[in-house]
file upload.txt (compact mmCIF, C-alpha atoms)
# COMPACT_ATOMS: atom_id res chain seq x y z
CA MET A 1 0.00 0.00 0.00
CA THR A 2 1.26 3.46 -0.88
CA ASN A 3 0.76 6.39 1.49
CA LEU A 4 1.37 10.13 1.43
CA SER A 5 1.29 12.58 4.31
CA SER A 6 2.17 16.25 4.66
CA GLN A 7 4.02 17.42 7.76
CA GLN A 8 2.03 19.64 10.08
CA ASN A 9 1.47 19.70 13.83
CA SER A 10 -1.83 18.32 15.09
CA ASP A 11 -3.79 18.40 18.33
CA ASP A 12 -5.00 14.94 19.32
CA ASN A 13 -7.62 16.43 21.63
CA ARG A 14 -9.36 18.40 18.88
CA LYS A 15 -11.09 17.36 15.70
CA ALA A 16 -8.64 17.41 12.79
CA GLU A 17 -8.66 20.78 11.05
CA PRO A 18 -8.11 21.33 7.32
CA ILE A 19 -4.42 21.54 6.47
CA THR A 20 -3.52 25.01 5.25
CA PHE A 21 -0.22 26.27 3.86
CA GLU A 22 0.64 29.88 3.19
CA LEU A 23 1.26 30.76 -0.45
CA GLY A 24 4.92 30.06 -1.31
CA VAL A 25 5.74 28.15 1.88
CA PRO A 26 7.67 24.87 1.22
CA ILE A 27 5.67 21.68 1.81
CA HIS A 28 7.29 18.57 3.29
CA ILE A 29 5.90 15.20 2.19
CA SER A 30 6.50 11.75 3.69
CA TRP A 31 5.79 8.75 1.47
CA THR A 32 5.63 4.97 1.86
CA ALA A 33 5.41 2.77 -1.24
CA SER A 34 4.40 -0.82 -1.95
CA GLN A 35 7.11 -3.38 -2.75
CA ASN A 36 6.54 -3.24 -6.50
CA HIS A 37 7.39 0.45 -6.78
CA THR A 38 10.23 1.65 -9.00
CA ARG A 39 12.91 4.31 -9.03
CA ARG A 40 10.79 6.27 -11.50
CA ASP A 41 7.74 6.58 -9.25
CA TRP A 42 6.87 10.23 -8.86
CA ILE A 43 4.69 12.63 -6.89
CA GLY A 44 2.86 15.58 -8.45
CA ILE A 45 0.72 18.36 -7.04
CA TYR A 46 -2.66 19.22 -8.57
CA LYS A 47 -5.82 21.13 -7.82
CA VAL A 48 -8.45 18.70 -6.56
CA THR A 49 -10.75 19.69 -9.43
CA SER A 50 -8.14 19.19 -12.17
CA ASN A 51 -8.46 15.43 -12.68
CA SER A 52 -11.67 13.60 -13.47
CA SER A 53 -10.31 10.24 -12.29
CA LYS A 54 -8.76 9.09 -9.03
CA LEU A 55 -7.11 6.16 -10.80
CA VAL A 56 -5.31 7.97 -13.62
CA THR A 57 -3.94 11.51 -13.82
CA ASN A 58 -5.04 13.08 -17.09
CA VAL A 59 -3.67 16.63 -16.86
CA SER A 60 -0.12 17.95 -16.94
CA SER A 61 1.74 18.56 -13.69
CA ARG A 62 3.25 21.67 -15.32
CA GLY A 63 6.63 20.63 -13.98
CA ARG A 64 5.46 20.46 -10.38
CA PHE A 65 6.62 16.92 -9.58
CA VAL A 66 9.52 15.02 -8.00
CA TYR A 67 10.78 11.45 -8.36
CA VAL A 68 10.76 9.54 -5.09
CA SER A 69 14.19 7.92 -5.54
CA PRO A 70 17.54 9.32 -6.70
CA GLU A 71 18.90 8.26 -10.08
CA GLU A 72 21.62 6.23 -8.39
CA GLY A 73 21.74 4.18 -5.21
CA GLU A 74 19.34 1.87 -3.45
CA VAL A 75 15.62 1.99 -4.17
CA VAL A 76 13.94 2.50 -0.81
CA ASP A 77 10.35 1.83 0.26
CA SER A 78 9.82 5.13 2.08
CA GLY A 79 11.22 8.61 2.18
CA GLU A 80 10.61 12.34 2.23
CA VAL A 81 10.48 15.03 -0.43
CA TRP A 82 10.12 18.81 -0.44
CA PHE A 83 7.99 20.92 -2.74
CA LYS A 84 9.27 24.48 -2.84
CA GLY A 85 9.95 27.33 -5.24
CA ASP A 86 8.85 26.50 -8.78
CA LEU A 87 7.59 23.09 -7.65
CA LEU A 88 4.75 24.84 -5.81
CA PRO A 89 1.58 26.22 -7.39
CA TRP A 90 1.63 29.99 -6.91
CA GLU A 91 -2.13 30.24 -6.79
CA THR A 92 -4.51 29.86 -3.88
CA GLY A 93 -6.91 26.93 -3.87
CA THR A 94 -7.47 23.36 -2.72
CA TYR A 95 -4.80 20.89 -3.81
CA GLU A 96 -3.74 17.27 -3.47
CA PHE A 97 -0.58 15.22 -4.00
CA ARG A 98 -0.73 12.22 -6.34
CA TYR A 99 1.75 9.34 -6.22
CA HIS A 100 2.30 7.77 -9.67
CA HIS A 101 3.83 4.44 -10.71
CA ASP A 102 6.93 3.96 -12.90
CA ASP A 103 7.06 7.30 -14.76
CA GLY A 104 3.46 6.85 -15.86
CA TYR A 105 0.12 8.33 -14.89
CA GLU A 106 -1.39 5.42 -12.94
CA VAL A 107 -2.24 6.78 -9.49
CA MET A 108 -1.17 4.66 -6.53
CA THR A 109 -2.50 6.99 -3.84
CA ILE A 110 -3.80 10.51 -3.27
CA SER A 111 -3.06 12.67 -0.25
CA GLN A 112 -5.58 14.41 1.97
CA PRO A 113 -6.71 17.65 0.30
CA PHE A 114 -5.06 20.80 1.61
CA GLU A 115 -5.36 24.53 1.14
CA ILE A 116 -2.82 26.97 -0.23
CA ALA A 117 -4.02 30.32 1.01
CA ASP A 118 -3.10 33.98 1.08
CA ASP A 119 -1.89 35.79 4.20
CA LEU A 120 -5.32 36.75 5.55
CA HIS A 121 -6.74 33.23 5.32
CA VAL A 122 -3.67 31.76 7.02
CA ILE A 123 -3.80 34.39 9.77
CA GLU A 124 -7.54 33.77 10.27
CA GLN A 125 -7.00 30.05 10.74
CA SER A 126 -4.07 30.62 13.11
CA VAL A 127 -6.02 33.15 15.20
CA LEU A 128 -9.08 30.87 15.28
CA THR A 129 -7.01 27.95 16.59
CA LEU A 130 -5.34 30.19 19.17
CA VAL A 131 -8.65 31.58 20.47
CA GLN A 132 -10.15 28.08 20.61
CA ARG A 133 -7.22 26.73 22.60
CA VAL A 134 -7.20 29.64 25.04
CA LEU A 135 -10.92 29.34 25.77
CA ASP A 136 -10.84 25.55 25.75
CA SER A 137 -8.34 25.66 28.62
CA ASP A 138 -11.07 27.12 30.83
CA SER A 139 -13.50 24.71 32.47
CA THR A 140 -16.38 27.19 32.11
CA HIS A 141 -17.01 27.50 28.40
CA THR A 142 -19.43 26.55 25.67
CA THR A 143 -19.42 26.40 21.89
CA ASN A 144 -21.49 28.63 19.63
CA ASN A 145 -23.89 25.72 19.15
CA ASP A 146 -24.90 25.44 22.80
CA TYR A 147 -24.32 28.97 24.04
CA SER A 148 -27.04 30.02 26.46
CA ASP A 149 -25.40 31.60 29.51
CA SER A 150 -23.90 35.08 29.12
CA LYS A 151 -21.60 34.35 32.05
CA ILE A 152 -19.83 31.57 30.19
CA SER A 153 -17.06 32.08 27.62
CA LYS A 154 -18.15 31.35 24.05
CA ILE A 155 -15.74 29.40 21.81
CA PRO A 156 -15.89 30.22 18.06
CA ASN A 157 -16.21 27.38 15.57
CA THR A 158 -15.34 29.39 12.45
CA THR A 159 -13.52 32.62 11.64
CA SER A 160 -16.85 34.42 11.26
CA ASP A 161 -18.02 33.51 14.77
CA ASP A 162 -18.03 35.92 17.69
CA TYR A 163 -16.32 35.01 20.94
CA ILE A 164 -16.89 36.18 24.51
CA LEU A 165 -14.01 36.49 26.97
CA MET A 166 -15.03 36.44 30.61
CA LYS A 167 -11.49 36.74 31.98
CA GLU A 168 -8.80 39.33 31.34
CA ILE A 169 -6.20 36.55 31.33
CA HIS A 170 -7.84 35.02 28.25
CA ALA A 171 -7.27 38.19 26.24
CA LYS A 172 -3.70 38.45 27.51
CA HIS A 173 -2.99 34.87 26.47
CA ILE A 174 -4.35 35.58 22.98
CA VAL A 175 -2.27 38.76 22.67
CA TYR A 176 0.83 36.86 23.76
CA GLY A 177 0.14 34.07 21.26
CA ILE A 178 -0.30 36.57 18.42
CA LYS A 179 2.97 38.26 19.38
CA MET A 180 4.81 34.93 19.31
CA MET A 181 3.31 33.91 15.94
CA PHE A 182 3.38 37.20 14.05
CA GLY A 183 5.56 39.61 16.01
CA ILE A 184 2.57 41.93 16.45
CA ASP A 185 1.92 43.48 19.86
CA PHE A 186 -1.15 45.41 21.01
CA ALA A 187 -3.17 46.00 24.17
CA TRP A 188 -5.17 43.07 25.50
CA GLU A 189 -8.33 45.21 25.53
CA VAL A 190 -8.32 45.11 21.71
CA VAL A 191 -9.12 41.39 21.78
CA SER A 192 -12.26 41.99 23.82
CA VAL A 193 -13.31 44.98 21.72
CA ASP A 194 -13.03 43.07 18.42
CA GLY A 195 -15.04 40.14 19.78
CA ASN A 196 -14.77 38.25 16.48
CA VAL A 197 -12.03 36.07 15.00
CA GLY A 198 -12.35 37.60 11.54
CA ARG A 199 -12.06 41.18 12.82
CA LEU A 200 -9.11 40.29 15.04
CA ALA A 201 -7.36 38.48 12.18
CA GLN A 202 -7.96 41.46 9.87
CA ARG A 203 -6.31 43.73 12.44
CA VAL A 204 -3.32 41.39 12.72
CA CYS A 205 -3.03 41.14 8.92
CA ILE A 206 -3.04 44.94 8.46
CA LEU A 207 -0.39 45.42 11.15
CA PHE A 208 1.70 42.53 9.80
CA ILE A 209 1.71 43.98 6.27
CA HIS A 210 2.49 47.46 7.64
CA PHE A 211 5.51 46.32 9.64
CA TYR A 212 6.94 43.51 7.51
CA CYS A 213 5.92 44.06 3.88
call {"tool": "encode", "arguments": {"input": "upload.txt", "output": "structure tokens"}}
result
Amino acid sequence: MTNLSSQQNSDDNRKAEPITFELGVPIHISWTASQNHTRRDWIGIYKVTSNSSKLVTNVSSRGRFVYVSPEEGEVVDSGEVWFKGDLLPWETGTYEFRYHHDDGYEVMTISQPFEIADDLHVIEQSVLTLVQRVLDSDSTHTTNNDYSDSKISKIPNTTSDDYILMKEIHAKHIVYGIKMMFGIDFAWEVVSVDGNVGRLAQRVCILFIHFYC
């Protein structure tokens, strides 16, 4: 059996979130192949809507592919490859990796779909995860689906959801996390005033572009 997996940290205590990579960021792939694989097996990256079949790839990779084994040396059953620079698609969207057999177009396996996103989308997802983790650390919380008590913190499920912080320390933890991730520092009161992941992420994005771009 052939397997592909992209390298990204996960939280075992939370439902798996969609994998998102920022536009232009290198992607690290681990692969494991069946015993009948060859030196000329290769992995390509495609939009999930590009191919009509999951068994055969019928569109060009446009040069965005790598062979799994070097031209010389032992043929191994597992390994790692990097997609970076011109090997990456420089367009946002939902993509997948396809592992092909013996320099052909027969598909051995397809990776989990993943997103390549612009700065704002990446920041939104990072801020959402941060807010969820901060509020989830408190024993008195609820999700947006079962929110009924105004004295209980509300955890957002999406970037468009509002959140409610009942403790000053929550806002300070979020501000600290944003500073560690993006190098952006602002008063903890801002987190409470924004009250929404999307608005908070927009603020971070504007400041990030102002200071670093």
call {"tool": "residues_around", "arguments": {"input": "upload.txt", "residues": "Ile184 of chain A", "least_positions_apart": "2", "cutoff": "8 Å", "atoms": "all atoms listed in the file", "output": "VMD selection string"}}
result
chain A and resid 178 to 180 182 186 204 207 to 208
call {"tool": "residues_around", "arguments": {"input": "upload.txt", "residues": "Tyr176 of chain A", "least_positions_apart": "6", "cutoff": "12 Å", "atoms": "only C-alpha atoms", "output": "list in words"}}
result
Val127, Leu130, Val131, Val134, Ile169, His170, Phe182, Gly183, Ile184, Asp185, Phe186, Ala187, Trp188 and Val191 of chain A
call {"tool": "atom_distance", "arguments": {"input": "upload.txt", "atom1": "atom CA of Thr20 of chain A", "atom2": "atom CA of Leu88 of chain A"}}
result
13.8 Å
call {"tool": "residues_around", "arguments": {"input": "upload.txt", "residues": "Asp77 of chain A", "least_positions_apart": "5", "cutoff": "7 Å", "atoms": "all atoms listed in the file", "output": "list in words"}}
result
Thr32, Ala33, Ser34 and Gln35 of chain A
call {"tool": "write_last_selection", "arguments": {"input": "upload.txt", "atoms": "C-alpha atoms", "output": "short mmCIF file (atom, residue, chain, number, x, y, z; two decimals), in the coordinates of the input"}}
result
data_model
loop_
_atom_site.label_atom_id
_atom_site.label_comp_id
_atom_site.auth_asym_id
_atom_site.auth_seq_id
_atom_site.Cartn_x
_atom_site.Cartn_y
_atom_site.Cartn_z
CA THR A 32 5.63 4.97 1.86
CA ALA A 33 5.41 2.77 -1.24
CA SER A 34 4.40 -0.82 -1.95
CA GLN A 35 7.11 -3.38 -2.75
#
call {"tool": "closest_residue", "arguments": {"input": "upload.txt", "among": "A:Gly44, A:Leu87, A:Lys172, A:Asp162", "to": "Asp194 of chain A", "atoms": "only C-alpha atoms"}}
result
A:Asp162
call {"tool": "closest_residue", "arguments": {"input": "upload.txt", "among": "A:Asp161, A:Glu71, A:Glu168, A:Glu91", "to": "Ala117 of chain A", "atoms": "only C-alpha atoms"}}
result
A:Glu91
call {"tool": "closest_residue", "arguments": {"input": "upload.txt", "among": "A:Gly24, A:Gly104, A:Gly198, A:Pro89", "to": "Arg62 of chain A", "atoms": "all atoms listed in the file"}}
result
A:Pro89
call {"tool": "closest_residue", "arguments": {"input": "upload.txt", "among": "A:Asp41, A:Gly177, A:Gly73, A:Leu120", "to": "Ile206 of chain A", "atoms": "only C-alpha atoms"}}
result
A:Leu120
call {"tool": "residues_around", "arguments": {"input": "upload.txt", "residues": "Arg40 of chain A", "least_positions_apart": "4", "cutoff": "12 Å", "atoms": "all atoms listed in the file", "output": "number ranges by chain"}}
result
A: 36, 65-72, 75-76, 99-105
